[in-house]
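Colleague: Let me begin by handing over the structure; questions about it come next.
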Amino acid sequence: MVTPKTVEVTVGVFVALGFAALFMLALKVSGISQIGGDEGYRISARFDNIGGLKVRAPVALAGVRIGRVSAIGIDPRTFDAVVEMRIERRYDQLPVDTSAKILTSGLLGEQYIGLEPGGAEQVLAEGSNLRLTQSALVLENIIGQFLFSKAAEGKSESGNP
Amino acid sequence: MIGVLAALGRVTLARTARLGRGLLFLLVVLGGLPQLALRPYLVVRQLYSVGVLSLPIIVVSGLFVGMVLGLQGYTTLADFGATESLGVMVALSLVRELGPVIAALLYAGRAGSALTAEIGLMKATEQLAGMAMMAVDPIRRVVAPRLLAGVFAVPLLAAIFTAVGILGGYLVGVGLLGVDEGTYWAPMQAKVQLVRDVVNGVVLKSAAFGLVANWIAVFEGYDTVPTAEGIGRATTRAVVNTSLAVLGLDFILTALMFGGI
């Protein structure tokens, strides 16, 4: 029979182990230590088409993640997609003429926003709007254009003789 | 014909009555919980027998489940050149599903059955009636601490199971199969979210499983036919019903928590 003291100690160890496991899941697995996205400043950009971009997708500058997509919406008048991004506070030197592209990581990977800095003196701040944007490539549209141009080629060839 | 209908009705009535008894029993037990604040050592004692003594099986099973996930996940993902997703796959399947469910199933086999047998034997040997004679409420003294300790222990066990499982996947993936250490952890940290995955899966799900598993275990024990055979049947029924309830509840909770994604 175990003594009451042993019971208390082992139960204490058990509870501590359980909370340590929860801590590990929170810090090491869900990476809460590196979120910090709620503190950055917000900028927005308009795109004709965002393809498969999702909220929380990375925003990268030269391949380095500097923020995340925080919201995606539609402008009710122009029907453009409005993408709102949160950029980490320490990257506050981005010029105002920075351009944004929707890119795909790898052949089948996720879509993310790639920023390319311009050369202006002024820097982006909370609420700034990126003017220069390039939409996502939608595979069906590209194939459609390709078929259309092929068909046009064929027609002009058959019309010549 | 009438006989068949009568049999069907009898079975339905008996089942419904039992379900209602179970629910009323749970309410009475929950009503006895506040008084446990006066006697915390009762709960600590039970935490030892349902929690600490379940640790070996939880740790060993978690390790092997994680290792098998790492091994099989690698085999499938390697075909697509997507082994960098190994960490995400291991972590998400453990955090969302396997951790809470397997921990609850193991708990039902290791601790729930013991609870049923213990309370059933107390009833068969009229210890519960003896307590009631001495004006000690057996539900508050015997049942409530066991239920509370169990509800507290299952999420902790699930968290330990999940953490050990992810480490097991790490051992196999990084140590044995040569996945890069950074590519194991980094996509996992990018994909797994604290509230949506860890809190929903490991904490809320397993708290629900803990309540159901311990409710069934103590009720089967308390409601047992007080004979040797009755205790045996009650123990079997507790494990079977808990397993079914956990798996069914898991589907409902998953649909509610992650269904829209």
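Naming scheme: A, B, ... for chains in displayed order of the structure tokens; residues 1 onward per chain; ligands 1 onward as shown.
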Determine which residues of chain A receive a DSSP assignment of strand (DSSP E), computed from the backbone, and state them as number ranges by chain.
Modeller: A: 41-47, 58-61, 64-74, 81-87, 99-104, 111-116, 128-130, 133-134
Colleague: Can I get the selection written as a short mmCIF file (atom, residue, chain, number, x, y, z; two decimals), in the first residue's frame, with N, CA and C atoms?
Modeller:
data_model
loop_
_atom_site.label_atom_id
_atom_site.label_comp_id
_atom_site.auth_asym_id
_atom_site.auth_seq_id
_atom_site.Cartn_x
_atom_site.Cartn_y
_atom_site.Cartn_z
N TYR A 41 1.02 46.25 -38.24
CA TYR A 41 0.16 47.25 -38.85
C TYR A 41 -0.54 46.66 -40.08
N ARG A 42 -1.68 47.25 -40.40
CA ARG A 42 -2.50 46.69 -41.47
C ARG A 42 -2.31 47.46 -42.77
N ILE A 43 -2.19 46.74 -43.86
CA ILE A 43 -2.25 47.39 -45.18
C ILE A 43 -3.24 46.59 -46.01
N SER A 44 -3.73 47.19 -47.09
CA SER A 44 -4.67 46.45 -47.92
C SER A 44 -4.27 46.57 -49.38
N ALA A 45 -4.79 45.66 -50.18
CA ALA A 45 -4.49 45.67 -51.60
C ALA A 45 -5.71 45.15 -52.34
N ARG A 46 -5.89 45.62 -53.59
CA ARG A 46 -7.02 45.17 -54.41
C ARG A 46 -6.50 44.27 -55.52
N PHE A 47 -7.25 43.20 -55.73
CA PHE A 47 -6.88 42.28 -56.81
C PHE A 47 -8.12 42.01 -57.66
N PRO A 58 0.58 33.31 -45.80
CA PRO A 58 1.74 34.16 -45.52
C PRO A 58 1.86 35.34 -46.49
N VAL A 59 2.43 36.43 -45.99
CA VAL A 59 2.83 37.55 -46.84
C VAL A 59 4.35 37.57 -46.79
N ALA A 60 4.99 37.45 -47.96
CA ALA A 60 6.44 37.29 -47.96
C ALA A 60 7.10 38.42 -48.72
N LEU A 61 8.27 38.80 -48.26
CA LEU A 61 9.09 39.78 -48.95
C LEU A 61 10.43 39.10 -49.20
N VAL A 64 10.88 35.87 -47.43
CA VAL A 64 10.82 35.83 -45.97
C VAL A 64 9.43 36.24 -45.52
N ARG A 65 8.84 35.45 -44.61
CA ARG A 65 7.49 35.79 -44.16
C ARG A 65 7.54 37.01 -43.24
N ILE A 66 6.80 38.04 -43.61
CA ILE A 66 6.81 39.24 -42.77
C ILE A 66 5.42 39.54 -42.23
N GLY A 67 4.43 38.73 -42.58
CA GLY A 67 3.08 38.98 -42.07
C GLY A 67 2.12 37.93 -42.59
N ARG A 68 0.84 38.18 -42.32
CA ARG A 68 -0.17 37.23 -42.77
C ARG A 68 -1.37 37.97 -43.33
N VAL A 69 -2.14 37.27 -44.16
CA VAL A 69 -3.40 37.82 -44.64
C VAL A 69 -4.39 37.77 -43.48
N SER A 70 -5.00 38.92 -43.15
CA SER A 70 -5.89 38.92 -41.99
C SER A 70 -7.36 38.92 -42.39
N ALA A 71 -7.69 39.41 -43.57
CA ALA A 71 -9.10 39.39 -43.99
C ALA A 71 -9.17 39.47 -45.51
N ILE A 72 -10.22 38.87 -46.04
CA ILE A 72 -10.45 38.92 -47.49
C ILE A 72 -11.89 39.35 -47.69
N GLY A 73 -12.11 40.34 -48.56
CA GLY A 73 -13.48 40.79 -48.79
C GLY A 73 -13.66 41.25 -50.24
N ILE A 74 -14.83 41.77 -50.51
CA ILE A 74 -15.16 42.25 -51.86
C ILE A 74 -15.55 43.72 -51.75
N ALA A 81 -11.48 42.15 -55.35
CA ALA A 81 -11.22 41.51 -54.07
C ALA A 81 -10.32 42.44 -53.25
N VAL A 82 -10.69 42.66 -51.99
CA VAL A 82 -9.86 43.48 -51.12
C VAL A 82 -9.22 42.57 -50.09
N VAL A 83 -7.88 42.54 -50.11
CA VAL A 83 -7.15 41.67 -49.19
C VAL A 83 -6.46 42.54 -48.15
N GLU A 84 -6.73 42.23 -46.90
CA GLU A 84 -6.12 43.00 -45.82
C GLU A 84 -5.01 42.16 -45.20
N MET A 85 -3.85 42.79 -45.03
CA MET A 85 -2.70 42.05 -44.50
C MET A 85 -2.20 42.73 -43.23
N ARG A 86 -1.69 41.91 -42.33
CA ARG A 86 -1.01 42.46 -41.15
C ARG A 86 0.47 42.21 -41.31
N ILE A 87 1.24 43.28 -41.27
CA ILE A 87 2.69 43.18 -41.42
C ILE A 87 3.31 43.40 -40.04
N SER A 99 4.80 46.67 -54.56
CA SER A 99 3.75 45.98 -55.32
C SER A 99 3.50 44.60 -54.72
N ALA A 100 2.30 44.09 -54.93
CA ALA A 100 1.91 42.80 -54.37
C ALA A 100 1.49 41.86 -55.48
N LYS A 101 1.96 40.62 -55.39
CA LYS A 101 1.58 39.59 -56.36
C LYS A 101 1.04 38.41 -55.58
N ILE A 102 0.08 37.70 -56.18
CA ILE A 102 -0.34 36.44 -55.56
C ILE A 102 0.44 35.33 -56.24
N LEU A 103 1.22 34.60 -55.46
CA LEU A 103 2.12 33.58 -55.99
C LEU A 103 1.76 32.22 -55.40
N THR A 104 2.31 31.20 -56.00
CA THR A 104 2.08 29.84 -55.51
C THR A 104 3.41 29.26 -55.08
N GLN A 111 -1.17 29.26 -51.93
CA GLN A 111 -0.93 30.57 -52.48
C GLN A 111 -0.60 31.55 -51.37
N TYR A 112 0.30 32.48 -51.69
CA TYR A 112 0.70 33.48 -50.73
C TYR A 112 0.90 34.80 -51.46
N ILE A 113 1.08 35.87 -50.70
CA ILE A 113 1.29 37.17 -51.31
C ILE A 113 2.77 37.50 -51.26
N GLY A 114 3.32 37.81 -52.41
CA GLY A 114 4.72 38.23 -52.47
C GLY A 114 4.78 39.74 -52.68
N LEU A 115 5.54 40.42 -51.82
CA LEU A 115 5.68 41.87 -51.97
C LEU A 115 7.00 42.18 -52.64
N GLU A 116 7.00 43.22 -53.48
CA GLU A 116 8.25 43.67 -54.07
C GLU A 116 8.39 45.15 -53.79
N SER A 128 -2.52 51.78 -45.09
CA SER A 128 -2.09 52.11 -46.45
C SER A 128 -2.68 51.14 -47.46
N ASN A 129 -2.71 51.59 -48.70
CA ASN A 129 -3.27 50.77 -49.77
C ASN A 129 -2.19 50.55 -50.83
N LEU A 130 -2.01 49.28 -51.21
CA LEU A 130 -1.02 49.00 -52.26
C LEU A 130 -1.69 49.20 -53.62
N THR A 133 -0.78 45.84 -58.11
CA THR A 133 -1.02 44.44 -57.74
C THR A 133 -1.09 43.59 -58.98
N GLN A 134 -0.82 42.30 -58.79
CA GLN A 134 -0.95 41.35 -59.89
C GLN A 134 -1.74 40.16 -59.38
#
Colleague: Show me, as a short mmCIF file (atom, residue, chain, number, x, y, z; two decimals) with N, CA and C atoms, in the first residue's frame, every residue of chain A with an atom at most 9 Å from chain B, counting only C-alpha atoms.
Modeller:
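Contents of selection-v6.cif, as written:
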data_model
loop_
_atom_site.label_atom_id
_atom_site.label_comp_id
_atom_site.auth_asym_id
_atom_site.auth_seq_id
_atom_site.Cartn_x
_atom_site.Cartn_y
_atom_site.Cartn_z
N PRO A 4 0.15 8.03 1.96
CA PRO A 4 -0.52 9.24 1.47
C PRO A 4 0.45 10.24 0.87
N VAL A 7 1.28 9.25 -2.63
CA VAL A 7 0.13 9.54 -3.48
C VAL A 7 0.15 11.00 -3.89
N GLU A 8 0.34 11.87 -2.88
CA GLU A 8 0.30 13.30 -3.19
C GLU A 8 1.41 13.69 -4.15
N THR A 10 3.10 11.78 -6.33
CA THR A 10 2.94 11.28 -7.70
C THR A 10 1.80 11.97 -8.41
N VAL A 11 0.72 12.29 -7.68
CA VAL A 11 -0.37 13.03 -8.33
C VAL A 11 0.13 14.40 -8.78
N GLY A 12 0.96 15.03 -7.92
CA GLY A 12 1.52 16.32 -8.30
C GLY A 12 2.35 16.20 -9.57
N VAL A 13 3.18 15.16 -9.63
CA VAL A 13 4.00 14.94 -10.82
C VAL A 13 3.13 14.72 -12.05
N PHE A 14 2.06 13.93 -11.86
CA PHE A 14 1.16 13.64 -12.98
C PHE A 14 0.51 14.91 -13.51
N VAL A 15 -0.02 15.73 -12.60
CA VAL A 15 -0.68 16.96 -13.05
C VAL A 15 0.33 17.88 -13.72
N LEU A 17 3.04 16.99 -15.29
CA LEU A 17 3.33 16.40 -16.60
C LEU A 17 2.24 16.76 -17.61
N GLY A 18 0.99 16.64 -17.16
CA GLY A 18 -0.13 16.96 -18.06
C GLY A 18 -0.07 18.38 -18.53
N PHE A 19 0.19 19.31 -17.60
CA PHE A 19 0.23 20.71 -18.02
C PHE A 19 1.47 20.99 -18.87
N ALA A 20 2.57 20.28 -18.56
CA ALA A 20 3.76 20.45 -19.39
C ALA A 20 3.46 20.01 -20.82
N ALA A 21 2.71 18.90 -20.96
CA ALA A 21 2.36 18.43 -22.29
C ALA A 21 1.49 19.46 -23.01
N LEU A 22 0.53 20.04 -22.28
CA LEU A 22 -0.32 21.06 -22.90
C LEU A 22 0.52 22.26 -23.34
N MET A 24 3.65 22.21 -24.15
CA MET A 24 4.43 21.86 -25.33
C MET A 24 3.55 21.94 -26.57
N LEU A 25 2.30 21.45 -26.44
CA LEU A 25 1.40 21.51 -27.59
C LEU A 25 1.15 22.96 -27.98
N ALA A 26 1.03 23.84 -26.99
CA ALA A 26 0.75 25.23 -27.31
C ALA A 26 1.96 25.92 -27.92
N LEU A 27 3.14 25.70 -27.36
CA LEU A 27 4.31 26.45 -27.81
C LEU A 27 5.00 25.80 -28.98
N LYS A 28 5.32 24.53 -28.84
CA LYS A 28 6.15 23.87 -29.84
C LYS A 28 5.32 23.45 -31.05
N VAL A 29 4.08 23.00 -30.83
CA VAL A 29 3.30 22.44 -31.93
C VAL A 29 2.47 23.52 -32.63
N SER A 30 1.76 24.34 -31.84
CA SER A 30 0.94 25.34 -32.53
C SER A 30 1.71 26.63 -32.72
N GLY A 31 2.96 26.70 -32.19
CA GLY A 31 3.83 27.83 -32.49
C GLY A 31 3.25 29.16 -32.09
N ILE A 32 2.64 29.21 -30.89
CA ILE A 32 2.01 30.47 -30.49
C ILE A 32 3.04 31.55 -30.26
N GLN A 34 5.42 32.44 -32.07
CA GLN A 34 5.81 33.21 -33.24
C GLN A 34 4.61 33.80 -33.98
N ILE A 35 3.46 33.82 -33.38
CA ILE A 35 2.32 34.42 -34.07
C ILE A 35 2.51 35.93 -34.11
#
Colleague: Tell me which protein, DNA and RNA residues are within 8 Å of B:Val246, counting only C-alpha atoms, leaving out same-chain ones fewer than 6 positions away, and put them as a list in words.
Modeller: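 Contacts, in chain order: Val101, Ala104, Leu105, Phe209, Val212 and Ala213 of chain B.
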Colleague: One decimal, Å: what's the distance from atom CA of B:Pro226 over to atom CA of B:Ile139, could you say?
Modeller: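 Atom-to-atom, atom CA of B:Pro226 to atom CA of B:Ile139, that is 16.8 Å.
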Colleague: How many Å separate atom CA of B:Met1 from atom CA of B:Gly20?
Modeller: 28.6 Å
Colleague: Can you tell me which residues surround B:Val50 at a distance of at most 8 Å, considering only C-alpha atoms, apart from same-chain residues fewer than 5 positions away, and format the answer as an NGL selection string?
Modeller: :B and (111 or 149-150 or 153)
Colleague: For B:Ile102, which of B:Gly182, B:Pro40, B:Gly62, B:Gly248 is the closest residue, counting only C-alpha atoms?
Modeller: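 The answer is B:Gly62, which sits nearest to B:Ile102.
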